[in-house]
Amino acid sequence: MMHKLTKAPLALNGLGRCFNTEKHWSAVKIIRRGLVCAQHEGDSGKNEVYDVIISGGGMVGSAMACSLGMDPNLTGKKILLLEAGKKKVMDKVPDAYSTRVSSISPGSATLLSGIGAWEQISQMRCKPYKKMQVWDACSDALITFDKENLQDEMAYIVENDIIVAAITKQLEGLSDNVQVKYRSKVVKYTWPMPHQAADSIPWVQVTLANGETLQTKLLIGADGPNSMVRQELGIPTVKWNYDQSAVVAVLHLSEPTENNVAWQRFLPTGPIAMLPLSDTESSLVWSTSHQIAEGLLELDEESFVDAINSAFWSNENQSELIETAGSLFRGALSAIMPSAGSPRQLPPSVAGIGPKTRVMFPLGMGHASEYIRHRVALIGDAAHRVHPLAGQGANLGFGDVACLTQLLSQAAFNGKDLGAIQHLLEYETERQRHNLPMMAAIDLMKRLYSTNAAPVVLLRTFGLQATNMLPALKEQIMAFASK
Amino acid sequence: MYSNKFSRLMLGLCCRKSSAVCGVVRSGFSWTTVCQQRTLWLQRNDFLEMEKHTVLRQTGARSVSQTTVDPSELRRFQSLASKWWDEQGEFAALHAMNDLRVPFIRDNLLNVHRARHPGKPLAGLRILDVGCGGGLLTEPLGRLGATVLGIDPVENSIGTAQLHSSYDPDLRDQVSYQACTLEELSAEEEGGEQEQGAAQFDAVVASEVVEHLADLETFAFCCSNVLKPGGSLFITTINKTNLSYALGIIVAEQILRIVPNGTHDWEKFISPEELERLLESNGFSVQSVQGMLYNPLSGAWSWTNSTAINYALHAVRLKDAAEDSSPHPEDHAAAAHS
């Protein structure tokens, strides 16, 4: 009855072996070695089948691993996280801010606090913001989002590295359920046949670069926008490259200010956003055409700073016609709804940029037509990739994590095979219903604001002004984006 | 309390020719035990005659036999043996029914046995799945931590079940299968070495089984035999109503082909009241009866107030009231007359 061997006798076996060979080791090391031997014994057993393997240890993949590992109904299940890179440890928060940041919605913050990572993040570094102003470069139209009386936080700006480090720390505490293999690159996936044909293995097989082959009942693909899992499955993906790249940098503000507003201005070439990091620093995300982006990277620091300030402040894109029309609209709307509307504020001016923090990356949109297959589910950017203009990319991923964890937990409580298609279909339906409208809206916004043709400008001016004056509609938008 | 069952069993044996007796019954059946008990209860013959008439009136299409298995049913399920695990195939509705029956079993057992292991709520419980087929219900119960024995007279189904569960290392220790009938198992238990006798299981599950059986009395008796005192019996089956004929047979089998044609015989359906009466006369106390409804459009089951078509029943085997099993034939006679 081989299967009946528990870890205790195996550990003792390992312990015994170590005593024979390495007598000079200290007691602690021997015990640890013994347990490691026990681990290897279990792993190399041909009959070892993981319950869940998550491919990809980024923000979303590691959040998934943590979330599954902490679920009470999944106690005792074998979960493995595979990450191609090395382990990201952050003993001390670095002084300099990193360039890649995400806007974390309250819904995502709830998920992260559920897995215990949010506490770590708040201790390390995060910046809540209370208000968001979005305005047009071609007209005076603007829209502001804020919670009532500016008391509650709308969302948080957190560096991606900090999120990953916090979750990694939590994973360390879950080593009974969740195993993490760093520097493990997957070279091949073998998919199971839907019905059990005799002699065929019904599990998903994952082959690593070091030759190891692992089996799992459910594979979760969290391997980013160029997901290998998605490509190997041959899932048709709707995708296109925007002819845009994003330039990101860390900005030093001219003077310290109560930096709790997120700013975004739609230029005809693309939106420029300034997201608060601290009272003296903000993060820049400037989406623009490839050419302009490359040009921006080549500018010296002073010219780059000038370009940023001018992008936010100058009114050169406005024509007289639009200005007149804009003020007419505003007049008309304020006649209908006198109390609504808000004055336009200007973002803080920029004095300098953080050294070596200017990078650019291409932007695209992608949506997998299916999020699931037999024994496989896609989460995060592997399933959907969006333009950063709405700050929703990470949040959609965390939403996937929350939904899939809940469904897997329920399935386990009902004794189901975790890879069964029924609850995977539920996951797909629920998330597509949420993600598709969001992605469509973001794509629409991007296209709407990519031109300075007068009719489109007039349309969006009116639309934006009208929306700004309808608090009920704004609340709906914020609620949708906060999930 | 067991006098009725023993007596009816003996009655059946008395009435049949020995050749028929040996027909379908497999060798596990303990002849000696039967004979011993026959001697014991021989003096009850008088009131047995009266019982015979009552029983025959009640069971109708079922002949009073010493085995619960109906050979024609066996043949039908043998041909379907390889199709159990196709979730979109002939047994799709049974796969979907797990959404109701697993929580039903799990929650009712958790009411009595508090879960000590998170992740394995039924750990430590022994469950018998009667008529397990391909193991559709056996496997989820095993995954929840219970030690499950699945039995089915159709050998091919057991083979399918064993093959399917062999792939999953977690299930190998939890579920096991045996190709036998409930009577055989019950007799095996009786002849076994355990001091506490036949009581082996914390729960017996007979889901979508009683509508295929030949003899429900024996079934109820054997269930009682293999259950620990206070153990649970879970049955899901189909009611015998006009509605169940219309929807369960005509629509389900012939029109929508939700189940293969000829799977069910309306005569064998049993109403919850009758089943309750049967079980209570065999030492059970029925705890709850709940109607189930299948939606062919969504392919999903749901709980419903009406037990007109499908229903689930939970009964508990009453603890033996000491050894005062001396029956009162006068009471029974009086009851039969009224």
# chains A, B, ... in the order shown; residues from 1 in each chain; ligands from 1
$ interface_residues --of "chain A" --to "chain B" --cutoff "6 Å" --atoms "only C-alpha atoms" --output "list in words"
Pro72, Asn73, Leu74, Thr75, Gly415 and Lys416 of chain A
$ write_last_selection --atoms "all heavy atoms" --output "PDB file, in the first residue's frame"
ATOM      1  N   PRO A  72     -10.477  27.465   2.522  1.00  0.00           N
ATOM      2  CA  PRO A  72     -10.655  26.315   3.417  1.00  0.00           C
ATOM      3  C   PRO A  72     -11.161  25.064   2.718  1.00  0.00           C
ATOM      4  O   PRO A  72     -10.780  23.957   3.090  1.00  0.00           O
ATOM      5  CB  PRO A  72     -11.669  26.816   4.448  1.00  0.00           C
ATOM      6  CG  PRO A  72     -12.227  28.076   3.914  1.00  0.00           C
ATOM      7  CD  PRO A  72     -11.281  28.622   2.925  1.00  0.00           C
ATOM      8  N   ASN A  73     -11.991  25.228   1.686  1.00  0.00           N
ATOM      9  CA  ASN A  73     -12.495  24.034   1.008  1.00  0.00           C
ATOM     10  C   ASN A  73     -11.431  23.350   0.170  1.00  0.00           C
ATOM     11  O   ASN A  73     -11.619  22.229  -0.274  1.00  0.00           O
ATOM     12  CB  ASN A  73     -13.656  24.392   0.073  1.00  0.00           C
ATOM     13  CG  ASN A  73     -14.908  24.713   0.853  1.00  0.00           C
ATOM     14  OD1 ASN A  73     -15.089  24.214   1.946  1.00  0.00           O
ATOM     15  ND2 ASN A  73     -15.753  25.549   0.286  1.00  0.00           N
ATOM     16  N   LEU A  74     -10.317  24.050  -0.082  1.00  0.00           N
ATOM     17  CA  LEU A  74      -9.275  23.462  -0.918  1.00  0.00           C
ATOM     18  C   LEU A  74      -8.098  23.000  -0.066  1.00  0.00           C
ATOM     19  O   LEU A  74      -7.023  22.747  -0.598  1.00  0.00           O
ATOM     20  CB  LEU A  74      -8.811  24.485  -1.962  1.00  0.00           C
ATOM     21  CG  LEU A  74      -9.886  24.870  -2.964  1.00  0.00           C
ATOM     22  CD1 LEU A  74      -9.465  26.084  -3.786  1.00  0.00           C
ATOM     23  CD2 LEU A  74     -10.152  23.727  -3.922  1.00  0.00           C
ATOM     24  N   THR A  75      -8.317  22.891   1.228  1.00  0.00           N
ATOM     25  CA  THR A  75      -7.246  22.396   2.101  1.00  0.00           C
ATOM     26  C   THR A  75      -6.878  20.993   1.678  1.00  0.00           C
ATOM     27  O   THR A  75      -7.745  20.164   1.439  1.00  0.00           O
ATOM     28  CB  THR A  75      -7.745  22.335   3.559  1.00  0.00           C
ATOM     29  OG1 THR A  75      -8.445  23.532   3.833  1.00  0.00           O
ATOM     30  CG2 THR A  75      -6.605  22.172   4.520  1.00  0.00           C
ATOM     31  N   GLY A 415     -17.454  17.955  -3.996  1.00  0.00           N
ATOM     32  CA  GLY A 415     -16.757  16.721  -4.374  1.00  0.00           C
ATOM     33  C   GLY A 415     -16.439  16.619  -5.841  1.00  0.00           C
ATOM     34  O   GLY A 415     -16.160  15.536  -6.346  1.00  0.00           O
ATOM     35  N   LYS A 416     -16.453  17.762  -6.547  1.00  0.00           N
ATOM     36  CA  LYS A 416     -16.242  17.652  -7.992  1.00  0.00           C
ATOM     37  C   LYS A 416     -14.773  17.584  -8.346  1.00  0.00           C
ATOM     38  O   LYS A 416     -13.915  18.071  -7.630  1.00  0.00           O
ATOM     39  CB  LYS A 416     -16.810  18.890  -8.690  1.00  0.00           C
ATOM     40  CG  LYS A 416     -18.286  18.925  -8.707  1.00  0.00           C
ATOM     41  CD  LYS A 416     -18.777  19.692  -9.897  1.00  0.00           C
ATOM     42  CE  LYS A 416     -20.269  19.654  -9.849  1.00  0.00           C
ATOM     43  NZ  LYS A 416     -20.912  20.874 -10.072  1.00  0.00           N
TER      44      LYS A 416
END
$ residues_around --residues "B:Pro153" --least-positions-apart "4" --cutoff "9 Å" --atoms "only C-alpha atoms" --output "compact mmCIF listing (two decimals) with N, CA and C atoms, in the first residue's frame"
# COMPACT_ATOMS: atom_id res chain seq x y z
N VAL B 69 -32.72 -7.99 -7.72
CA VAL B 69 -32.27 -7.66 -9.07
C VAL B 69 -33.24 -8.19 -10.12
N LEU B 74 -30.73 -5.67 -15.76
CA LEU B 74 -29.29 -5.96 -15.87
C LEU B 74 -28.84 -5.84 -17.30
N GLY B 131 -25.94 0.26 -6.36
CA GLY B 131 -26.26 0.57 -7.75
C GLY B 131 -25.42 1.74 -8.22
N GLY B 133 -23.32 2.02 -10.57
CA GLY B 133 -23.12 2.21 -12.01
C GLY B 133 -21.65 2.46 -12.29
N SER B 157 -20.16 -2.24 -15.67
CA SER B 157 -20.20 -0.92 -15.04
C SER B 157 -19.15 -0.81 -13.96
N ILE B 158 -19.00 -1.87 -13.18
CA ILE B 158 -17.98 -1.86 -12.14
C ILE B 158 -16.60 -1.71 -12.77
N GLN B 178 -17.28 -3.30 -6.01
CA GLN B 178 -17.50 -4.74 -5.96
C GLN B 178 -18.70 -5.03 -6.85
N ALA B 179 -18.55 -6.04 -7.68
CA ALA B 179 -19.68 -6.42 -8.52
C ALA B 179 -20.50 -7.45 -7.77
N CYS B 180 -21.54 -6.98 -7.09
CA CYS B 180 -22.41 -7.90 -6.38
C CYS B 180 -23.73 -7.20 -6.14
N THR B 181 -24.67 -7.93 -5.58
CA THR B 181 -25.94 -7.30 -5.25
C THR B 181 -25.94 -6.94 -3.77
N LEU B 182 -26.90 -6.16 -3.38
CA LEU B 182 -26.98 -5.72 -1.99
C LEU B 182 -27.20 -6.90 -1.05
$ residues_around --residues "A:Leu328" --least-positions-apart "2" --cutoff "12 Å" --atoms "only C-alpha atoms" --output "PyMOL selection string"
chain A and resi 139-141+321-326+330-335+458+461-462+465
$ write_last_selection --atoms "all heavy atoms" --output "short mmCIF file (atom, residue, chain, number, x, y, z; two decimals), in the first residue's frame"
data_model
loop_
_atom_site.label_atom_id
_atom_site.label_comp_id
_atom_site.auth_asym_id
_atom_site.auth_seq_id
_atom_site.Cartn_x
_atom_site.Cartn_y
_atom_site.Cartn_z
N SER A 139 -11.02 70.40 -26.50
CA SER A 139 -12.13 71.24 -26.08
C SER A 139 -12.01 71.42 -24.58
O SER A 139 -11.07 70.94 -23.96
CB SER A 139 -13.47 70.60 -26.42
OG SER A 139 -13.76 69.59 -25.49
N ASP A 140 -12.99 72.09 -24.04
CA ASP A 140 -12.96 72.35 -22.62
C ASP A 140 -13.60 71.25 -21.81
O ASP A 140 -13.70 71.36 -20.60
CB ASP A 140 -13.73 73.64 -22.33
CG ASP A 140 -12.78 74.82 -22.28
OD1 ASP A 140 -11.56 74.55 -22.23
OD2 ASP A 140 -13.25 75.96 -22.30
N ALA A 141 -14.11 70.26 -22.50
CA ALA A 141 -14.92 69.26 -21.79
C ALA A 141 -14.07 68.49 -20.80
O ALA A 141 -12.92 68.15 -21.05
CB ALA A 141 -15.52 68.29 -22.79
N LEU A 321 -14.07 77.18 -33.11
CA LEU A 321 -15.39 76.57 -33.28
C LEU A 321 -15.71 75.67 -32.10
O LEU A 321 -16.79 75.76 -31.49
CB LEU A 321 -15.41 75.75 -34.58
CG LEU A 321 -16.55 74.71 -34.69
CD1 LEU A 321 -17.88 75.41 -34.85
CD2 LEU A 321 -16.31 73.75 -35.85
N ILE A 322 -14.73 74.84 -31.77
CA ILE A 322 -14.96 73.89 -30.67
C ILE A 322 -15.15 74.64 -29.36
O ILE A 322 -16.03 74.33 -28.55
CB ILE A 322 -13.77 72.93 -30.56
CG1 ILE A 322 -13.55 72.19 -31.87
CG2 ILE A 322 -13.97 71.96 -29.42
CD1 ILE A 322 -14.61 71.21 -32.23
N GLU A 323 -14.37 75.69 -29.17
CA GLU A 323 -14.50 76.45 -27.92
C GLU A 323 -15.87 77.05 -27.78
O GLU A 323 -16.50 76.98 -26.72
CB GLU A 323 -13.46 77.58 -27.90
CG GLU A 323 -12.21 77.23 -27.15
CD GLU A 323 -11.35 78.44 -26.91
OE1 GLU A 323 -11.82 79.34 -26.18
OE2 GLU A 323 -10.25 78.48 -27.45
N THR A 324 -16.36 77.62 -28.86
CA THR A 324 -17.68 78.22 -28.81
C THR A 324 -18.74 77.16 -28.56
O THR A 324 -19.61 77.31 -27.69
CB THR A 324 -18.02 78.91 -30.15
OG1 THR A 324 -16.83 79.44 -30.71
CG2 THR A 324 -19.07 79.98 -29.96
N ALA A 325 -18.63 76.08 -29.35
CA ALA A 325 -19.62 75.01 -29.20
C ALA A 325 -19.59 74.48 -27.77
O ALA A 325 -20.63 74.24 -27.15
CB ALA A 325 -19.35 73.89 -30.20
N GLY A 326 -18.36 74.31 -27.28
CA GLY A 326 -18.21 73.77 -25.93
C GLY A 326 -18.92 74.64 -24.90
O GLY A 326 -19.64 74.13 -24.03
N ARG A 330 -22.15 73.73 -22.54
CA ARG A 330 -22.09 73.85 -21.08
C ARG A 330 -23.21 74.73 -20.58
O ARG A 330 -23.86 74.44 -19.58
CB ARG A 330 -20.73 74.42 -20.64
CG ARG A 330 -20.26 73.80 -19.35
CD ARG A 330 -18.87 74.17 -19.00
NE ARG A 330 -18.06 74.27 -20.19
CZ ARG A 330 -17.22 75.25 -20.43
NH1 ARG A 330 -17.04 76.18 -19.57
NH2 ARG A 330 -16.52 75.29 -21.54
N GLY A 331 -23.44 75.82 -21.32
CA GLY A 331 -24.53 76.71 -20.93
C GLY A 331 -25.87 75.99 -20.93
O GLY A 331 -26.64 76.06 -19.96
N ALA A 332 -26.10 75.26 -22.01
CA ALA A 332 -27.37 74.56 -22.14
C ALA A 332 -27.54 73.54 -21.02
O ALA A 332 -28.59 73.45 -20.38
CB ALA A 332 -27.46 73.87 -23.50
N LEU A 333 -26.50 72.80 -20.79
CA LEU A 333 -26.59 71.74 -19.78
C LEU A 333 -26.78 72.34 -18.39
O LEU A 333 -27.53 71.80 -17.57
CB LEU A 333 -25.34 70.86 -19.81
CG LEU A 333 -25.30 69.89 -20.98
CD1 LEU A 333 -23.93 69.25 -21.08
CD2 LEU A 333 -26.36 68.84 -20.82
N SER A 334 -26.10 73.43 -18.13
CA SER A 334 -26.23 73.97 -16.78
C SER A 334 -27.60 74.59 -16.58
O SER A 334 -28.06 74.75 -15.46
CB SER A 334 -25.12 74.96 -16.45
OG SER A 334 -25.03 75.91 -17.48
N ALA A 335 -28.25 74.94 -17.70
CA ALA A 335 -29.63 75.41 -17.57
C ALA A 335 -30.52 74.27 -17.12
O ALA A 335 -31.44 74.46 -16.31
CB ALA A 335 -30.12 75.98 -18.90
N LEU A 458 -16.87 67.31 -31.30
CA LEU A 458 -18.10 67.87 -30.77
C LEU A 458 -18.92 66.80 -30.04
O LEU A 458 -19.44 67.03 -28.96
CB LEU A 458 -18.93 68.46 -31.92
CG LEU A 458 -18.42 69.80 -32.45
CD1 LEU A 458 -19.21 70.20 -33.69
CD2 LEU A 458 -18.55 70.86 -31.38
N THR A 461 -17.25 65.91 -26.83
CA THR A 461 -17.34 67.03 -25.90
C THR A 461 -18.69 67.04 -25.22
O THR A 461 -18.81 67.13 -24.00
CB THR A 461 -17.14 68.35 -26.67
OG1 THR A 461 -15.89 68.30 -27.32
CG2 THR A 461 -17.21 69.54 -25.73
N PHE A 462 -19.71 66.96 -26.06
CA PHE A 462 -21.06 66.97 -25.51
C PHE A 462 -21.27 65.76 -24.59
O PHE A 462 -21.80 65.90 -23.49
CB PHE A 462 -22.08 66.96 -26.65
CG PHE A 462 -23.49 67.10 -26.17
CD1 PHE A 462 -23.87 68.19 -25.42
CD2 PHE A 462 -24.43 66.12 -26.44
CE1 PHE A 462 -25.17 68.33 -24.96
CE2 PHE A 462 -25.74 66.25 -25.98
CZ PHE A 462 -26.10 67.36 -25.24
N GLN A 465 -19.36 66.25 -21.31
CA GLN A 465 -19.97 67.26 -20.44
C GLN A 465 -21.26 66.75 -19.85
O GLN A 465 -21.56 66.97 -18.67
CB GLN A 465 -20.22 68.55 -21.23
CG GLN A 465 -18.96 69.34 -21.49
CD GLN A 465 -19.23 70.58 -22.31
OE1 GLN A 465 -20.24 70.67 -23.01
NE2 GLN A 465 -18.32 71.54 -22.25
#
$ select_by_dssp --residues "stretch 131-181 of chain B" --states "alpha helix (DSSP H)" --output "VMD selection string"
chain B and resid 138 to 143 155 to 166 169 to 172
$ atom_distance --atom1 "atom CA of B:Tyr245" --atom2 "atom CA of B:Glu73"
18.6 Å
$ residues_around --residues "B:Gln162" --least-positions-apart "6" --cutoff "10 Å" --atoms "only C-alpha atoms" --output "PyMOL selection string"
chain B and resi 134-135+150+156+172+175-178
$ write_last_selection --atoms "C-alpha atoms" --output "compact mmCIF listing (two decimals), in the first residue's frame"
# COMPACT_ATOMS: atom_id res chain seq x y z
CA GLY B 134 -19.98 3.86 -13.34
CA GLY B 135 -19.25 5.56 -10.04
CA GLY B 150 -19.71 1.07 -4.68
CA ASN B 156 -19.09 -3.99 -16.93
CA ARG B 172 -7.60 5.15 -5.02
CA VAL B 175 -13.34 4.38 -3.31
CA SER B 176 -13.56 0.69 -4.02
CA TYR B 177 -15.96 -1.31 -6.08
CA GLN B 178 -17.50 -4.74 -5.96
$ select_by_dssp --residues "stretch 191-306 of chain B" --states "strand (DSSP E)" --output "mmCIF file with N, CA, C and O atoms, in the first residue's frame"
data_model
loop_
_atom_site.group_PDB
_atom_site.id
_atom_site.type_symbol
_atom_site.label_atom_id
_atom_site.label_comp_id
_atom_site.auth_asym_id
_atom_site.auth_seq_id
_atom_site.Cartn_x
_atom_site.Cartn_y
_atom_site.Cartn_z
ATOM 1 N N PHE B 201 -21.758 0.457 7.810
ATOM 2 C CA PHE B 201 -21.689 1.726 7.113
ATOM 3 C C PHE B 201 -22.406 2.832 7.863
ATOM 4 O O PHE B 201 -23.410 2.615 8.528
ATOM 5 N N ASP B 202 -21.817 4.039 7.738
ATOM 6 C CA ASP B 202 -22.470 5.200 8.313
ATOM 7 C C ASP B 202 -23.622 5.671 7.435
ATOM 8 O O ASP B 202 -24.561 6.308 7.927
ATOM 9 N N ALA B 203 -23.522 5.373 6.147
ATOM 10 C CA ALA B 203 -24.597 5.813 5.257
ATOM 11 C C ALA B 203 -24.709 4.859 4.086
ATOM 12 O O ALA B 203 -23.710 4.282 3.640
ATOM 13 N N VAL B 204 -25.914 4.692 3.608
ATOM 14 C CA VAL B 204 -26.152 3.925 2.386
ATOM 15 C C VAL B 204 -26.840 4.864 1.407
ATOM 16 O O VAL B 204 -27.779 5.571 1.770
ATOM 17 N N VAL B 205 -26.324 4.878 0.200
ATOM 18 C CA VAL B 205 -26.902 5.748 -0.819
ATOM 19 C C VAL B 205 -27.468 4.874 -1.926
ATOM 20 O O VAL B 205 -26.773 3.994 -2.425
ATOM 21 N N ALA B 206 -28.717 5.075 -2.254
ATOM 22 C CA ALA B 206 -29.329 4.312 -3.349
ATOM 23 C C ALA B 206 -29.996 5.331 -4.257
ATOM 24 O O ALA B 206 -31.178 5.618 -4.131
ATOM 25 N N SER B 207 -29.213 5.874 -5.166
ATOM 26 C CA SER B 207 -29.722 6.970 -5.977
ATOM 27 C C SER B 207 -30.150 6.449 -7.332
ATOM 28 O O SER B 207 -29.349 5.839 -8.038
ATOM 29 N N LEU B 227 -26.378 -1.044 7.800
ATOM 30 C CA LEU B 227 -26.181 0.278 8.383
ATOM 31 C C LEU B 227 -25.913 0.189 9.873
ATOM 32 O O LEU B 227 -26.511 -0.631 10.569
ATOM 33 N N LYS B 228 -25.064 1.080 10.326
ATOM 34 C CA LYS B 228 -24.898 1.210 11.772
ATOM 35 C C LYS B 228 -26.191 1.786 12.342
ATOM 36 O O LYS B 228 -26.913 2.504 11.641
ATOM 37 N N PRO B 229 -26.447 1.534 13.632
ATOM 38 C CA PRO B 229 -27.634 2.171 14.212
ATOM 39 C C PRO B 229 -27.468 3.677 14.163
ATOM 40 O O PRO B 229 -26.404 4.208 14.480
ATOM 41 N N GLY B 230 -28.518 4.362 13.723
ATOM 42 C CA GLY B 230 -28.392 5.800 13.560
ATOM 43 C C GLY B 230 -27.809 6.185 12.218
ATOM 44 O O GLY B 230 -27.665 7.367 11.908
ATOM 45 N N GLY B 231 -27.480 5.184 11.405
ATOM 46 C CA GLY B 231 -26.909 5.489 10.090
ATOM 47 C C GLY B 231 -27.976 6.017 9.142
ATOM 48 O O GLY B 231 -29.169 5.814 9.348
ATOM 49 N N SER B 232 -27.529 6.667 8.083
ATOM 50 C CA SER B 232 -28.460 7.330 7.166
ATOM 51 C C SER B 232 -28.652 6.544 5.899
ATOM 52 O O SER B 232 -27.729 5.914 5.395
ATOM 53 N N LEU B 233 -29.869 6.613 5.377
ATOM 54 C CA LEU B 233 -30.175 6.027 4.081
ATOM 55 C C LEU B 233 -30.643 7.145 3.172
ATOM 56 O O LEU B 233 -31.546 7.912 3.532
ATOM 57 N N PHE B 234 -30.012 7.261 2.039
ATOM 58 C CA PHE B 234 -30.382 8.296 1.082
ATOM 59 C C PHE B 234 -30.917 7.630 -0.172
ATOM 60 O O PHE B 234 -30.232 6.807 -0.770
ATOM 61 N N ILE B 235 -32.102 8.016 -0.556
ATOM 62 C CA ILE B 235 -32.703 7.436 -1.770
ATOM 63 C C ILE B 235 -33.142 8.575 -2.677
ATOM 64 O O ILE B 235 -33.741 9.545 -2.218
ATOM 65 N N THR B 236 -32.822 8.483 -3.967
ATOM 66 C CA THR B 236 -33.480 9.383 -4.903
ATOM 67 C C THR B 236 -34.167 8.491 -5.931
ATOM 68 O O THR B 236 -33.599 7.507 -6.392
ATOM 69 N N THR B 237 -35.398 8.842 -6.212
ATOM 70 C CA THR B 237 -36.147 8.002 -7.148
ATOM 71 C C THR B 237 -37.293 8.812 -7.743
ATOM 72 O O THR B 237 -37.367 10.026 -7.555
ATOM 73 N N ILE B 238 -38.160 8.101 -8.453
ATOM 74 C CA ILE B 238 -39.230 8.779 -9.180
ATOM 75 C C ILE B 238 -40.585 8.379 -8.601
ATOM 76 O O ILE B 238 -40.825 7.207 -8.288
ATOM 77 N N PHE B 284 -36.738 2.179 9.902
ATOM 78 C CA PHE B 284 -36.178 3.474 9.555
ATOM 79 C C PHE B 284 -37.109 4.573 9.995
ATOM 80 O O PHE B 284 -38.307 4.365 10.139
ATOM 81 N N SER B 285 -36.546 5.742 10.171
ATOM 82 C CA SER B 285 -37.375 6.906 10.415
ATOM 83 C C SER B 285 -37.038 7.922 9.324
ATOM 84 O O SER B 285 -35.891 8.331 9.176
ATOM 85 N N VAL B 286 -38.043 8.289 8.564
ATOM 86 C CA VAL B 286 -37.788 9.192 7.439
ATOM 87 C C VAL B 286 -37.620 10.618 7.962
ATOM 88 O O VAL B 286 -38.485 11.138 8.662
ATOM 89 N N GLN B 287 -36.515 11.220 7.621
ATOM 90 C CA GLN B 287 -36.204 12.559 8.128
ATOM 91 C C GLN B 287 -36.661 13.657 7.190
ATOM 92 O O GLN B 287 -37.156 14.684 7.626
ATOM 93 N N SER B 288 -36.433 13.462 5.900
ATOM 94 C CA SER B 288 -36.872 14.515 4.993
ATOM 95 C C SER B 288 -37.120 13.944 3.614
ATOM 96 O O SER B 288 -36.485 12.973 3.201
ATOM 97 N N VAL B 289 -38.056 14.564 2.929
ATOM 98 C CA VAL B 289 -38.344 14.215 1.543
ATOM 99 C C VAL B 289 -38.364 15.527 0.775
ATOM 100 O O VAL B 289 -38.982 16.499 1.206
ATOM 101 N N GLN B 290 -37.682 15.550 -0.336
ATOM 102 C CA GLN B 290 -37.563 16.809 -1.067
ATOM 103 C C GLN B 290 -37.735 16.541 -2.548
ATOM 104 O O GLN B 290 -37.143 15.610 -3.082
ATOM 105 N N GLY B 291 -38.545 17.351 -3.212
ATOM 106 C CA GLY B 291 -38.765 17.146 -4.640
ATOM 107 C C GLY B 291 -37.619 17.717 -5.465
ATOM 108 O O GLY B 291 -36.985 18.687 -5.099
ATOM 109 N N MET B 292 -37.366 17.080 -6.614
ATOM 110 C CA MET B 292 -36.327 17.566 -7.515
ATOM 111 C C MET B 292 -36.944 17.769 -8.890
ATOM 112 O O MET B 292 -37.846 17.030 -9.300
ATOM 113 N N LEU B 293 -36.426 18.737 -9.602
ATOM 114 C CA LEU B 293 -36.969 19.027 -10.920
ATOM 115 C C LEU B 293 -35.841 19.183 -11.921
ATOM 116 O O LEU B 293 -34.847 19.859 -11.655
ATOM 117 N N TYR B 294 -35.994 18.573 -13.075
ATOM 118 C CA TYR B 294 -34.978 18.663 -14.120
ATOM 119 C C TYR B 294 -35.441 19.626 -15.195
ATOM 120 O O TYR B 294 -36.563 19.538 -15.686
ATOM 121 N N ASN B 295 -34.580 20.552 -15.534
ATOM 122 C CA ASN B 295 -34.899 21.487 -16.606
ATOM 123 C C ASN B 295 -34.147 21.050 -17.856
ATOM 124 O O ASN B 295 -32.936 21.203 -17.932
ATOM 125 N N ALA B 300 -30.083 21.327 -16.024
ATOM 126 C CA ALA B 300 -29.751 21.416 -14.603
ATOM 127 C C ALA B 300 -30.935 20.973 -13.754
ATOM 128 O O ALA B 300 -32.084 21.096 -14.140
ATOM 129 N N TRP B 301 -30.604 20.482 -12.583
ATOM 130 C CA TRP B 301 -31.616 20.078 -11.616
ATOM 131 C C TRP B 301 -31.794 21.181 -10.589
ATOM 132 O O TRP B 301 -30.877 21.954 -10.315
ATOM 133 N N SER B 302 -32.984 21.215 -9.981
ATOM 134 C CA SER B 302 -33.186 22.147 -8.883
ATOM 135 C C SER B 302 -34.140 21.526 -7.881
ATOM 136 O O SER B 302 -34.925 20.640 -8.219
ATOM 137 N N TRP B 303 -34.063 22.010 -6.653
ATOM 138 C CA TRP B 303 -34.984 21.539 -5.629
ATOM 139 C C TRP B 303 -36.344 22.182 -5.871
ATOM 140 O O TRP B 303 -36.434 23.311 -6.338
ATOM 141 N N THR B 304 -37.377 21.448 -5.542
ATOM 142 C CA THR B 304 -38.705 22.006 -5.724
ATOM 143 C C THR B 304 -39.624 21.469 -4.635
ATOM 144 O O THR B 304 -39.317 20.465 -3.988
#
$ residues_around --residues "A:Phe398" --least-positions-apart "3" --cutoff "7 Å" --atoms "only C-alpha atoms" --output "list in words"
Val60, Ser108, Ala394, Asn395, Val401 and Ala402 of chain A
